[in-house]
Amino acid sequence: MTEQSLMKESSTETRVVNDFSITVATVNGSGSQTSNLTILRSLFKMGIPVSSGNLFPSNIQGLPTWYTIRASKDGYTARTETHEIVIAMNVATFAEDLAKVSPGGAFYYADHLKLDIGRDDIAVYPVPAKDLAKKSGAPSQLRSYVGNMAYVGVLAHIIGIDMEKIKDALDFHFKGKEGPVNLNFGVIEEAAKWAKENLEKQDPFYVENMEGMTEDCIMATGNTAGALGSIYGGVQFCGWYPITPATSLPEAVKHYIPGLRDKPELDGKTYAIVQAEDELAAIGMCVGAGWAGLRSMTSTSGPGISLMTEFIGLAYYSEIPVVIWNIQRVGPSTGMPTRTSQGDLSQAYYIGHGDTEHIILLPSSVNECFEFGWKSFDIAERVQTPVFVLSDLDLGMNQGMTEAFNYPDKEMDRGKVLWEEDFEKMTERWGRYLDVDDDGIPYRSIPGNRNSKSAYFARGTGHDDYAAYTEKPDDWEKNMARLVLKFKTAQEYLPSPVIKQKEGAKIGMIAFGSTESAIAEAQDILESKNVPADFLRIKALPLTDSVKEFIESHDTVYVVELNRDGQMHQILTVEYPKLTEKMVSLTKHNGYSLSAEWVVSELLKKEQE
Amino acid sequence: MTEQSLMKESSTETRVVNDFSITVATVNGSGSQTSNLTILRSLFKMGIPVSSGNLFPSNIQGLPTWYTIRASKDGYTARTETHEIVIAMNVATFAEDLAKVSPGGAFYYADHLKLDIGRDDIAVYPVPAKDLAKKSGAPSQLRSYVGNMAYVGVLAHIIGIDMEKIKDALDFHFKGKEGPVNLNFGVIEEAAKWAKENLEKQDPFYVENMEGMTEDCIMATGNTAGALGSIYGGVQFCGWYPITPATSLPEAVKHYIPGLRDKPELDGKTYAIVQAEDELAAIGMCVGAGWAGLRSMTSTSGPGISLMTEFIGLAYYSEIPVVIWNIQRVGPSTGMPTRTSQGDLSQAYYIGHGDTEHIILLPSSVNECFEFGWKSFDIAERVQTPVFVLSDLDLGMNQGMTEAFNYPDKEMDRGKVLWEEDFEKMTERWGRYLDVDDDGIPYRSIPGNRNSKSAYFARGTGHDDYAAYTEKPDDWEKNMARLVLKFKTAQEYLPSPVIKQKEGAKIGMIAFGSTESAIAEAQDILESKNVPADFLRIKALPLTDSVKEFIESHDTVYVVELNRDGQMHQILTVEYPKLTEKMVSLTKHNGYSLSAEWVVSELLKKEQE
Amino acid sequence: MAKVNQIGLEKSEYRGAPTTLCAGCGHNSISNQIIATAYELNLVPEDIVKFSGIGCSSKSPTYFLGRSFGFNSLHGRMPSVATGAMFGDQSLEAIAVSGDGDTANIGMGQFKHIMRRNVPMVYIVENNGVYGLTKGQFSATAEKGLSLKSQGNNPYMSVDIVMEALTSKATFVARSFAGDASQVKELIKAAISHNGTAILDIISPCVTFNDQAGSHHSYEWTKQHREMLHDFSYVPFTEEIHIDEQQAGEVQTVRMHDGSQVVLKKLERDYDPTDRFKAMQVLQQANEENILLTGLIYVEEDAPSLMDLHQLPKDKALNRFEEDDLRPSKESLQMISSLMF
Amino acid sequence: MAKVNQIGLEKSEYRGAPTTLCAGCGHNSISNQIIATAYELNLVPEDIVKFSGIGCSSKSPTYFLGRSFGFNSLHGRMPSVATGAMFGDQSLEAIAVSGDGDTANIGMGQFKHIMRRNVPMVYIVENNGVYGLTKGQFSATAEKGLSLKSQGNNPYMSVDIVMEALTSKATFVARSFAGDASQVKELIKAAISHNGTAILDIISPCVTFNDQAGSHHSYEWTKQHREMLHDFSYVPFTEEIHIDEQQAGEVQTVRMHDGSQVVLKKLERDYDPTDRFKAMQVLQQANEENILLTGLIYVEEDAPSLMDLHQLPKDKALNRFEEDDLRPSKESLQMISSLMF
Ligand SMILES: Cc1ncc(C[n+]2csc(CCOP(=O)(O)OP(=O)(O)O)c2C)c(N)n1
Ligand SMILES: Cc1ncc(C[n+]2csc(CCOP(=O)(O)OP(=O)(O)O)c2C)c(N)n1
Ligand code: SF4
Ligand code: SF4
Ligand SMILES: [Mg+2]
Ligand SMILES: [Mg+2]
């Protein structure tokens, strides 16, 4: 550190350490991802809890994109409404980015963007991106990419990122390949040096190595975690069709599965991954595979789910296990493909014509994406029905800090499946849809079973206990009533809600999925404002009784979610009609992930009403 | 009439006149339809209120089918649980049909089915179907068809159907063609003569000419009525795909439209009907046509609706008028294609990923199918959104007595459409999605408008007031909030609920669609049991305030519907969370239409709880 | 005692439930030939799996092979269901039945894509030019200009299943006529021996809605305009082929993947079913001359099937694998975690 | 003053919003040729309507003809939307843009069926062998065996858009290459003159995901393996054609529906674009020789379009009819009621 900056440092009363956000504004396709990940990873390696959010456009190259890193010594990972540090590399959004900086914040900008600053409530740092890129000797098509490394260096110097950790981050990124590591690190060092020589610290933001918060953590996206979870869940078939933001999940399955599952002693693969021609075919293949006894999954987003409607109804009614990931983006329709949402909840719960009901798992963290990756298969096979895993773009595509994945703590549950030996022992007549155990779940046989009593003709048309076609009114009713019972039984196999209590809380919050981080942070803020609130997070639908008890035991319960119509609130209303007076819906739906600030202010507004 | 039967008649204390049901059991594809329609029509021509129900299998030929005619001097048209007269022509269901006959009822059977009767609580009449068919001299492939005329004749004699009216019915059926009329009438007369000579009246059931109930009525199916309504509504484009029970609607459009709409002064057609390759293409064409300013419609059933999900979301969000008839059958999945249901209500209301909401019209009678046929276009174009018309198999495919169609009492409402002259006058900048009138409904222009300011690029992606692509959070929120307002505005264009009151009623019933007849009958029965109940029939969703008032003003309101999960009850719960304590769900879902008996007994059971 | 085949099964053991299709429907004849094929080839019913979509044709798998698993899926979506299911047990033999509406209208996309992937299955299109089950509307295979009383005139160009299959590079393409029991049967046998998607376009008249004399899918028209490409017979790999010296020049044999062979005796034409492009040419000509060519139109025996491409284990069905092989070790997860920066 | 065309419009009036596609993307070149075509043919922008599905290619209609209506519809479903919309105003000229994924994967069914109906429109497939917008997965037109770093090897057989169009009896089929501006432009002009579905398969390299030298959709491969069927030029009906006597034997002219003509000058091959079957043959051969044939591959000018089949009024757009013509009289309803026994 230079003397100057040392001086500055000691003179700054309001030194802010490890608790601010950094937003980088660039053009997509310009190669800023490596730079941003390098910052993120080096902070993480310094022991600082971090999270990231990538706000990118729905095209491939040339449009504005923003990458935000939040460093939070307290471990908060939600989006914040304030922008302490903004790095402006895109001329098109320069003014907007400048305006965004919180008073007292810091503004870095590529110095070839010769634009007016005109704000004196912030610190301003130029970044000599173009010069350094030129100096680096990188070939011209790589210049903007290398130029992006310049802001890493300048930022590193000004806020004090540990250079060793930057090296580690680059090493990781380039899988140890020396060439690119050195090239990039060279530029970063150069930039840091330049900053040291030319810039003066004017803002209060610092990072420092810390301990105790990230040691057991890893960093991954929800989609990678979901893919790995699926692999550890024994996925055997994945039929899918590309769609943002769901694509990276099956692509990660494809990437990781050979290394994890191919074994020399097997004379072939224990899985198949097929990129289908569209979502109807993807789910059709999955339903076929699920029927044929494979652990089968697909991953898509809203438009894909809509196309799958007919097949999901078939799977519900013919009772075929299949796991469907919906990485939600903003709908209706094509909507905003690169923005996050919790808007497909009701659709998943009720999808299909006729009376239906579906199991939904609601992961809230990268870690839980892994967990539900494997659990979803157990549940689907146990209950013999489609299981949705509702993630979202924010959780699925952004690198998030998370506890290391836990190895499955249960043996695989393949459900009620009968093989040859079971049929040989059987004395009664087997019926595919016969409720033997009074739990609504029948026993199934699987094609390939060579026992001559095991075969049946699966169908989406009316069928009786023995899978025979029927139009008899009583057969229909009986079967549909059994399905209701089956979904009651299902509850015992579903993850229970988690409750975080605050002392003296009379009010509660209910939420689910990726908003957990914002709600948990809001809980702390509310506590500090003397409005203690308990928090129940729903992990699955259909609901279990503890949700009801939670509502009953509070004066008011705020149901907070990222959609327009308050879909979870609607579901709770239908399920607990007697408790409707206690429930208040809080919704936000503009494509951004939830912030604690918004939750706090909306809730307080309602409390005052 | 013979002396004998006259004698019998006068000695019968419990003479039952114009108030019983006739069920004919045959094999499908055997040509019994003409016979059954002849009975139905002749009773109708006698002035007796009649209704019919056809319980047919999902195949083309060779399986059991039952046709029921209800004659009701009081004008009740719902299905009844009792079978006063059963005509058994099918050996496969003989025993079952025999068992069905209500004690004191009458059983007619084809006398070549030499089976045991073994019941002495009913009247039994053989029908010499085979002999008469042979005698008729009809070619052999027509014998079973002609044989069916035999039961018409025997029945006619025993219950006293007016032979002139039978002639009228045949005349109508064969469009006056003498050959077939005489052939069929010959067989019927022969059979009646045979009956007169060989049978003795043993049952109390009679028909008699009556007046005052059917004079203003016609007889049609809901699908024919819907087709005609659409034609009078000015349908310009119909894109469809065959599916039971929705097929006959577009087929009727195709049948009737040339005669009604082709005019010599026009050099072409004012409509186009395209049988698409599937439902995705059908709705796609309709959305294209609706966008291009045509009154556009489709007709399908559950599986087709499921396939249309993505397109309906697009139409909702890009605000394109289109009318979608769903002639409901039993789902989920392929379910029971030839059985009736109200199981697609929730699906229609919420269909699509993301937050959506749709307008639904709920016709309860053949006449209302006509009315909603034309009104649906006015509403769709006014609100610029898809409009569902939810009919069902029972209403759509069965011949029902109905008031004659009323000519539209309003001019066509083409909604807020701007043509060249409007743009020429315009001073402000036009925005496709700009809320000029503060009612949430923007002004639209239509392709083909040659004013250079009129063009816009329609899209299912995020758009601003001017239809430009946007990912801005505020744009998204603003537009979605406007859609909410638009659907509030929509209420004023929707048909209001109808209420039928009973004196002193403290309880109410809410129902919709084709169950009206059963509920109205139940109301009378309940009244006779001193349980007066008011009845509100919902004609459209979103709900209007009078529904709320109705619930508020009763102690208990029974929401009666033909599905498993009580879908309307769920919607009411979501819409009126504060009134949930008052609402009780009554559901039945086995493929049969509702009977008043069931409604009464279920309601009384609940009342006693 | 009833006659049994080499594995001791009576023919009745290959039947299914009684048909509910119309008397005289072509689909019933095809069901009978499937039954006969399975009986004559000594197939174990439990080694077969059936697939169908929705339609009269798609109902028919209920009426054969009652001891085989089957899936009556969704309208037009059978190909995807079959694709997924065939991964379950790669030793199963798939027999799929679809209709012309199911395949060429709503199912066009999946039909085309299953051929790209060469999913191992016999894919029979019971082609009657109409939608039987929904009462006689035109399907995409109805000839342009066909007039039906309840439907008027068909204004649109027709789809030729065989040409579509050839264009999609299907590895086995044949056409037959439900009225020709022996040709249907021999072709199904060959199709079963094929390792990949075997498309069989079988004209199967709908006697209720499209059997009037002029219709290209009627018994009468087909009988009159049909021409056989060759005299076709199937020889199981257990039997030897005897060919007269005299006949030698007149006969072509094709060796199927499972070792069986098909013997093609020359009739009018010189026809080589291993040349896809010639096949298209001959067909196109025949179409122009209003001739319906039947027989084995194209076969390619060395293309890998989908299961080959995905390198499934040879000895054990994928659906028999258990936790041991499906869940990676605990150590591997630690290794992976350490990679998750 | 900027140059204007015969109807007084500057070229800029045919442009749209600035492109958001990658620099160098083939799709941008095609947009430019659409703009040039419309300008040169003196088309009134308001007489054109644009359609697309979803993809980078399908975004491109935003970037041309900003004064024309357009509909950016759903992935793979543009054909149905266009079909319905074209009934609205039958005097409009439709220009549709799709991608290979949009057309040959999810859209295969609608693509095939629009050709059966001969919907009047220019249907451009901007064919790059990958899904650009979702970052480079294989589409169905990717050649078998194509290897991409992030995707591995493409195991499935490829779809040939032109062969599909020929099999589906499309009435106008052409192929070109985004890198050949003048051929693209002349073909679009001819396509616009065509009364029916005009399929243009244009190889349009994705510089971001599939432009490596070996790929059959790269600039380099296409440039090297391309062969023109003929020297193609379009002559508007306002101009006369002059053909040297000397050239006479070398030249074929095809009269388009609107009176314009296309002039085909013989190059290497003797090629007659009015013989569908020959076209298939020539293409198939070229495929085997690894040659990409470009030019007007097939044209049939006398087939009725969908609008002809539906006998729409000639003088007035269907969407301009009002209550008078659309609602039958009160008397007619009484008449109908009396028929409702
Ligand atoms: C999604 C969907 N749309 C429509 C239907 C109604 N439907 C049942 S069978 C059928 C057509 C069958 O035609 P084809 O495949 O030719 O079989 P065929 O009856 O002629 O043997 C249709 C449209 C359906 N079951 N599902
Ligand atoms: C129903 C649906 N599925 C998936 C997607 C995601 N998606 C957007 S574009 C695209 C592929 C586009 O490929 P192509 O048509 O070849 O166009 P290109 O981008 O290559 O020009 C996909 C799969 C979507 N928008 N909608
Ligand atoms: S309707 Fe036609 S296709 Fe269906 S069973 Fe009858 S004859 Fe066969
Ligand atoms: S990703 Fe490919 S197709 Fe998309 S804009 Fe870039 S170059 Fe074009
Ligand atoms: Mg058919
Ligand atoms: Mg592409």
# chains A, B, ... in the order shown; residues from 1 in each chain; ligands from 1
$ residues_near_ligand --ligand "ligand 5" --cutoff "8 Å" --atoms "only C-alpha atoms and all ligand atoms" --output "PyMOL selection string"
chain C and resi 55-57+99-102+126-133+139+206
$ write_last_selection --atoms "N, CA and C atoms" --output "PDB file, in the first residue's frame"
ATOM      1  N   GLY C  55     -56.185 -43.263 -31.913  1.00  0.00           N
ATOM      2  CA  GLY C  55     -56.940 -43.463 -33.146  1.00  0.00           C
ATOM      3  C   GLY C  55     -57.460 -44.884 -33.159  1.00  0.00           C
ATOM      4  N   CYS C  56     -58.268 -45.235 -34.147  1.00  0.00           N
ATOM      5  CA  CYS C  56     -58.714 -46.632 -34.262  1.00  0.00           C
ATOM      6  C   CYS C  56     -57.485 -47.524 -34.368  1.00  0.00           C
ATOM      7  N   SER C  57     -56.566 -47.145 -35.264  1.00  0.00           N
ATOM      8  CA  SER C  57     -55.334 -47.897 -35.454  1.00  0.00           C
ATOM      9  C   SER C  57     -54.578 -48.042 -34.134  1.00  0.00           C
ATOM     10  N   GLY C  99     -51.621 -44.332 -36.825  1.00  0.00           N
ATOM     11  CA  GLY C  99     -52.503 -44.080 -37.968  1.00  0.00           C
ATOM     12  C   GLY C  99     -51.909 -43.005 -38.847  1.00  0.00           C
ATOM     13  N   ASP C 100     -52.548 -42.762 -39.959  1.00  0.00           N
ATOM     14  CA  ASP C 100     -52.044 -41.731 -40.857  1.00  0.00           C
ATOM     15  C   ASP C 100     -52.242 -40.350 -40.240  1.00  0.00           C
ATOM     16  N   GLY C 101     -53.342 -40.150 -39.525  1.00  0.00           N
ATOM     17  CA  GLY C 101     -53.538 -38.876 -38.841  1.00  0.00           C
ATOM     18  C   GLY C 101     -52.526 -38.742 -37.712  1.00  0.00           C
ATOM     19  N   ASP C 102     -52.406 -39.801 -36.958  1.00  0.00           N
ATOM     20  CA  ASP C 102     -51.490 -39.834 -35.820  1.00  0.00           C
ATOM     21  C   ASP C 102     -50.047 -39.568 -36.261  1.00  0.00           C
ATOM     22  N   GLU C 126     -50.968 -47.554 -40.079  1.00  0.00           N
ATOM     23  CA  GLU C 126     -52.187 -48.143 -40.654  1.00  0.00           C
ATOM     24  C   GLU C 126     -52.916 -47.012 -41.382  1.00  0.00           C
ATOM     25  N   ASN C 127     -52.671 -46.962 -42.663  1.00  0.00           N
ATOM     26  CA  ASN C 127     -52.952 -45.775 -43.460  1.00  0.00           C
ATOM     27  C   ASN C 127     -54.287 -45.895 -44.203  1.00  0.00           C
ATOM     28  N   ASN C 128     -55.262 -45.092 -43.753  1.00  0.00           N
ATOM     29  CA  ASN C 128     -56.575 -45.156 -44.412  1.00  0.00           C
ATOM     30  C   ASN C 128     -57.026 -43.804 -44.968  1.00  0.00           C
ATOM     31  N   GLY C 129     -56.160 -42.811 -44.885  1.00  0.00           N
ATOM     32  CA  GLY C 129     -56.492 -41.512 -45.486  1.00  0.00           C
ATOM     33  C   GLY C 129     -57.491 -40.683 -44.712  1.00  0.00           C
ATOM     34  N   VAL C 130     -57.979 -41.213 -43.630  1.00  0.00           N
ATOM     35  CA  VAL C 130     -58.953 -40.462 -42.813  1.00  0.00           C
ATOM     36  C   VAL C 130     -58.683 -40.661 -41.323  1.00  0.00           C
ATOM     37  N   TYR C 131     -59.348 -39.841 -40.559  1.00  0.00           N
ATOM     38  CA  TYR C 131     -59.393 -40.035 -39.114  1.00  0.00           C
ATOM     39  C   TYR C 131     -60.583 -40.947 -38.833  1.00  0.00           C
ATOM     40  N   GLY C 132     -60.325 -42.219 -38.603  1.00  0.00           N
ATOM     41  CA  GLY C 132     -61.445 -43.112 -38.322  1.00  0.00           C
ATOM     42  C   GLY C 132     -62.161 -42.738 -37.028  1.00  0.00           C
ATOM     43  N   LEU C 133     -61.397 -42.670 -35.973  1.00  0.00           N
ATOM     44  CA  LEU C 133     -62.012 -42.562 -34.644  1.00  0.00           C
ATOM     45  C   LEU C 133     -62.826 -41.280 -34.440  1.00  0.00           C
ATOM     46  N   SER C 139     -57.275 -37.032 -43.478  1.00  0.00           N
ATOM     47  CA  SER C 139     -55.944 -36.930 -42.884  1.00  0.00           C
ATOM     48  C   SER C 139     -55.001 -36.397 -43.952  1.00  0.00           C
ATOM     49  N   CYS C 206     -60.511 -47.948 -44.281  1.00  0.00           N
ATOM     50  CA  CYS C 206     -61.540 -47.667 -43.276  1.00  0.00           C
ATOM     51  C   CYS C 206     -62.880 -47.945 -43.945  1.00  0.00           C
TER      52      CYS C 206
END
$ interface_residues --of "chain B" --to "chain C" --cutoff "10 Å" --atoms "only C-alpha atoms" --output "ChimeraX atom specification"
/B:29,58-63,241-248,251,254-255,275-281,303,333-334
$ interface_residues --of "chain A" --to "chain B" --cutoff "6 Å" --atoms "only C-alpha atoms" --output "ChimeraX atom specification"
/A:302,306,309-310,313-314,331-336,343-344,347,353-354,460-462,473,476-477,570,574,577,580,590-591
$ select_by_dssp --residues "segment 215-313 of chain C" --states "strand (DSSP E or B)" --output "PyMOL selection string"
chain C and resi 226-228+230-235+251-255+261-266+292-299
$ write_last_selection --atoms "N, CA, C and O atoms" --output "JSON list (two decimals), in the first residue's frame"
[["chain", "number", "residue", "atom", "x", "y", "z"],
["C", 226, "ARG", "N", -52.43, -51.70, -57.34],
["C", 226, "ARG", "CA", -51.26, -52.14, -56.63],
["C", 226, "ARG", "C", -50.32, -52.92, -57.55],
["C", 226, "ARG", "O", -50.76, -53.68, -58.40],
["C", 227, "GLU", "N", -49.05, -52.72, -57.32],
["C", 227, "GLU", "CA", -48.09, -53.52, -58.06],
["C", 227, "GLU", "C", -47.00, -53.91, -57.07],
["C", 227, "GLU", "O", -46.54, -53.09, -56.29],
["C", 228, "MET", "N", -46.61, -55.17, -57.12],
["C", 228, "MET", "CA", -45.56, -55.59, -56.21],
["C", 228, "MET", "C", -44.21, -55.35, -56.83],
["C", 228, "MET", "O", -43.99, -55.66, -58.00],
["C", 230, "HIS", "N", -41.56, -56.83, -56.02],
["C", 230, "HIS", "CA", -40.86, -58.10, -56.11],
["C", 230, "HIS", "C", -41.68, -59.12, -55.34],
["C", 230, "HIS", "O", -42.58, -58.77, -54.60],
["C", 231, "ASP", "N", -41.30, -60.34, -55.53],
["C", 231, "ASP", "CA", -41.92, -61.39, -54.75],
["C", 231, "ASP", "C", -41.03, -61.51, -53.52],
["C", 231, "ASP", "O", -39.85, -61.84, -53.63],
["C", 232, "PHE", "N", -41.61, -61.22, -52.40],
["C", 232, "PHE", "CA", -40.80, -61.00, -51.21],
["C", 232, "PHE", "C", -40.95, -62.17, -50.24],
["C", 232, "PHE", "O", -42.05, -62.57, -49.91],
["C", 233, "SER", "N", -39.84, -62.73, -49.80],
["C", 233, "SER", "CA", -40.01, -63.68, -48.70],
["C", 233, "SER", "C", -38.88, -63.59, -47.69],
["C", 233, "SER", "O", -37.77, -63.19, -48.00],
["C", 234, "TYR", "N", -39.25, -63.94, -46.48],
["C", 234, "TYR", "CA", -38.35, -63.80, -45.35],
["C", 234, "TYR", "C", -37.86, -65.17, -44.94],
["C", 234, "TYR", "O", -38.64, -66.11, -44.81],
["C", 235, "VAL", "N", -36.58, -65.30, -44.72],
["C", 235, "VAL", "CA", -36.01, -66.58, -44.30],
["C", 235, "VAL", "C", -35.29, -66.40, -42.97],
["C", 235, "VAL", "O", -34.29, -65.70, -42.90],
["C", 251, "VAL", "N", -32.93, -63.17, -58.57],
["C", 251, "VAL", "CA", -33.12, -63.13, -57.12],
["C", 251, "VAL", "C", -32.07, -62.26, -56.45],
["C", 251, "VAL", "O", -30.90, -62.31, -56.80],
["C", 252, "GLN", "N", -32.54, -61.48, -55.49],
["C", 252, "GLN", "CA", -31.58, -60.73, -54.69],
["C", 252, "GLN", "C", -31.83, -61.09, -53.24],
["C", 252, "GLN", "O", -32.98, -61.21, -52.80],
["C", 253, "THR", "N", -30.79, -61.28, -52.47],
["C", 253, "THR", "CA", -31.02, -61.52, -51.05],
["C", 253, "THR", "C", -30.38, -60.39, -50.25],
["C", 253, "THR", "O", -29.35, -59.85, -50.61],
["C", 254, "VAL", "N", -31.07, -60.06, -49.16],
["C", 254, "VAL", "CA", -30.53, -59.04, -48.26],
["C", 254, "VAL", "C", -30.39, -59.67, -46.89],
["C", 254, "VAL", "O", -31.32, -60.26, -46.36],
["C", 255, "ARG", "N", -29.23, -59.52, -46.33],
["C", 255, "ARG", "CA", -28.97, -60.11, -45.03],
["C", 255, "ARG", "C", -29.33, -59.10, -43.95],
["C", 255, "ARG", "O", -28.83, -57.99, -43.90],
["C", 261, "GLN", "N", -32.56, -63.52, -43.57],
["C", 261, "GLN", "CA", -32.40, -62.91, -44.88],
["C", 261, "GLN", "C", -33.75, -62.66, -45.54],
["C", 261, "GLN", "O", -34.73, -63.31, -45.21],
["C", 262, "VAL", "N", -33.78, -61.69, -46.42],
["C", 262, "VAL", "CA", -34.98, -61.56, -47.23],
["C", 262, "VAL", "C", -34.59, -61.88, -48.67],
["C", 262, "VAL", "O", -33.51, -61.53, -49.14],
["C", 263, "VAL", "N", -35.50, -62.58, -49.29],
["C", 263, "VAL", "CA", -35.26, -62.99, -50.66],
["C", 263, "VAL", "C", -36.25, -62.25, -51.56],
["C", 263, "VAL", "O", -37.45, -62.30, -51.34],
["C", 264, "LEU", "N", -35.70, -61.56, -52.52],
["C", 264, "LEU", "CA", -36.53, -60.76, -53.41],
["C", 264, "LEU", "C", -36.45, -61.37, -54.80],
["C", 264, "LEU", "O", -35.39, -61.40, -55.41],
["C", 265, "LYS", "N", -37.60, -61.88, -55.26],
["C", 265, "LYS", "CA", -37.61, -62.43, -56.62],
["C", 265, "LYS", "C", -38.16, -61.38, -57.55],
["C", 265, "LYS", "O", -39.17, -60.76, -57.29],
["C", 266, "LYS", "N", -37.45, -61.25, -58.64],
["C", 266, "LYS", "CA", -37.81, -60.24, -59.61],
["C", 266, "LYS", "C", -39.20, -60.49, -60.21],
["C", 266, "LYS", "O", -39.54, -61.61, -60.55],
["C", 292, "LEU", "N", -49.65, -48.03, -57.09],
["C", 292, "LEU", "CA", -49.23, -48.14, -55.71],
["C", 292, "LEU", "C", -48.22, -49.26, -55.61],
["C", 292, "LEU", "O", -48.58, -50.45, -55.70],
["C", 293, "LEU", "N", -46.97, -48.90, -55.43],
["C", 293, "LEU", "CA", -45.94, -49.93, -55.32],
["C", 293, "LEU", "C", -45.89, -50.49, -53.91],
["C", 293, "LEU", "O", -45.91, -49.74, -52.94],
["C", 294, "THR", "N", -45.81, -51.80, -53.81],
["C", 294, "THR", "CA", -45.68, -52.40, -52.48],
["C", 294, "THR", "C", -44.45, -53.30, -52.45],
["C", 294, "THR", "O", -43.96, -53.73, -53.48],
["C", 295, "GLY", "N", -44.02, -53.56, -51.24],
["C", 295, "GLY", "CA", -42.85, -54.42, -51.06],
["C", 295, "GLY", "C", -41.81, -53.73, -50.20],
["C", 295, "GLY", "O", -42.09, -52.71, -49.57],
["C", 296, "LEU", "N", -40.64, -54.32, -50.16],
["C", 296, "LEU", "CA", -39.54, -53.74, -49.40],
["C", 296, "LEU", "C", -38.91, -52.66, -50.27],
["C", 296, "LEU", "O", -38.28, -52.96, -51.28],
["C", 297, "ILE", "N", -39.08, -51.44, -49.88],
["C", 297, "ILE", "CA", -38.66, -50.35, -50.74],
["C", 297, "ILE", "C", -37.21, -49.94, -50.50],
["C", 297, "ILE", "O", -36.47, -49.64, -51.42],
["C", 298, "TYR", "N", -36.83, -49.94, -49.26],
["C", 298, "TYR", "CA", -35.45, -49.56, -48.97],
["C", 298, "TYR", "C", -34.97, -50.21, -47.68],
["C", 298, "TYR", "O", -35.73, -50.33, -46.71],
["C", 299, "VAL", "N", -33.75, -50.63, -47.68],
["C", 299, "VAL", "CA", -33.18, -51.18, -46.46],
["C", 299, "VAL", "C", -31.69, -50.90, -46.39],
["C", 299, "VAL", "O", -30.99, -50.92, -47.40]]
$ closest_residue --among "C:Gly249, C:Gly145, C:Gly53, C:Gly179" --to "ligand 1" --atoms "only C-alpha atoms and all ligand atoms"
C:Gly53
$ residues_around --residues "Ala17 of chain D" --least-positions-apart "6" --cutoff "9 Å" --atoms "only C-alpha atoms" --output "list of chain:residue names"
D:Thr62, D:Tyr63, D:Phe64, D:Leu65, D:Gly66
$ write_last_selection --atoms "N, CA and C atoms" --output "tab-separated table (two decimals), in the first residue's frame"
chain	number	residue	atom	x	y	z
D	62	THR	N	-37.07	-7.60	-36.78
D	62	THR	CA	-37.05	-6.29	-36.13
D	62	THR	C	-36.08	-5.35	-36.85
D	63	TYR	N	-35.14	-5.96	-37.56
D	63	TYR	CA	-34.05	-5.16	-38.11
D	63	TYR	C	-34.23	-4.82	-39.59
D	64	PHE	N	-35.40	-5.12	-40.13
D	64	PHE	CA	-35.69	-4.65	-41.49
D	64	PHE	C	-37.17	-4.25	-41.56
D	65	LEU	N	-37.48	-3.45	-42.51
D	65	LEU	CA	-38.86	-3.05	-42.80
D	65	LEU	C	-39.62	-2.60	-41.55
D	66	GLY	N	-39.09	-1.57	-40.94
D	66	GLY	CA	-39.70	-1.05	-39.71
D	66	GLY	C	-41.10	-0.49	-39.91
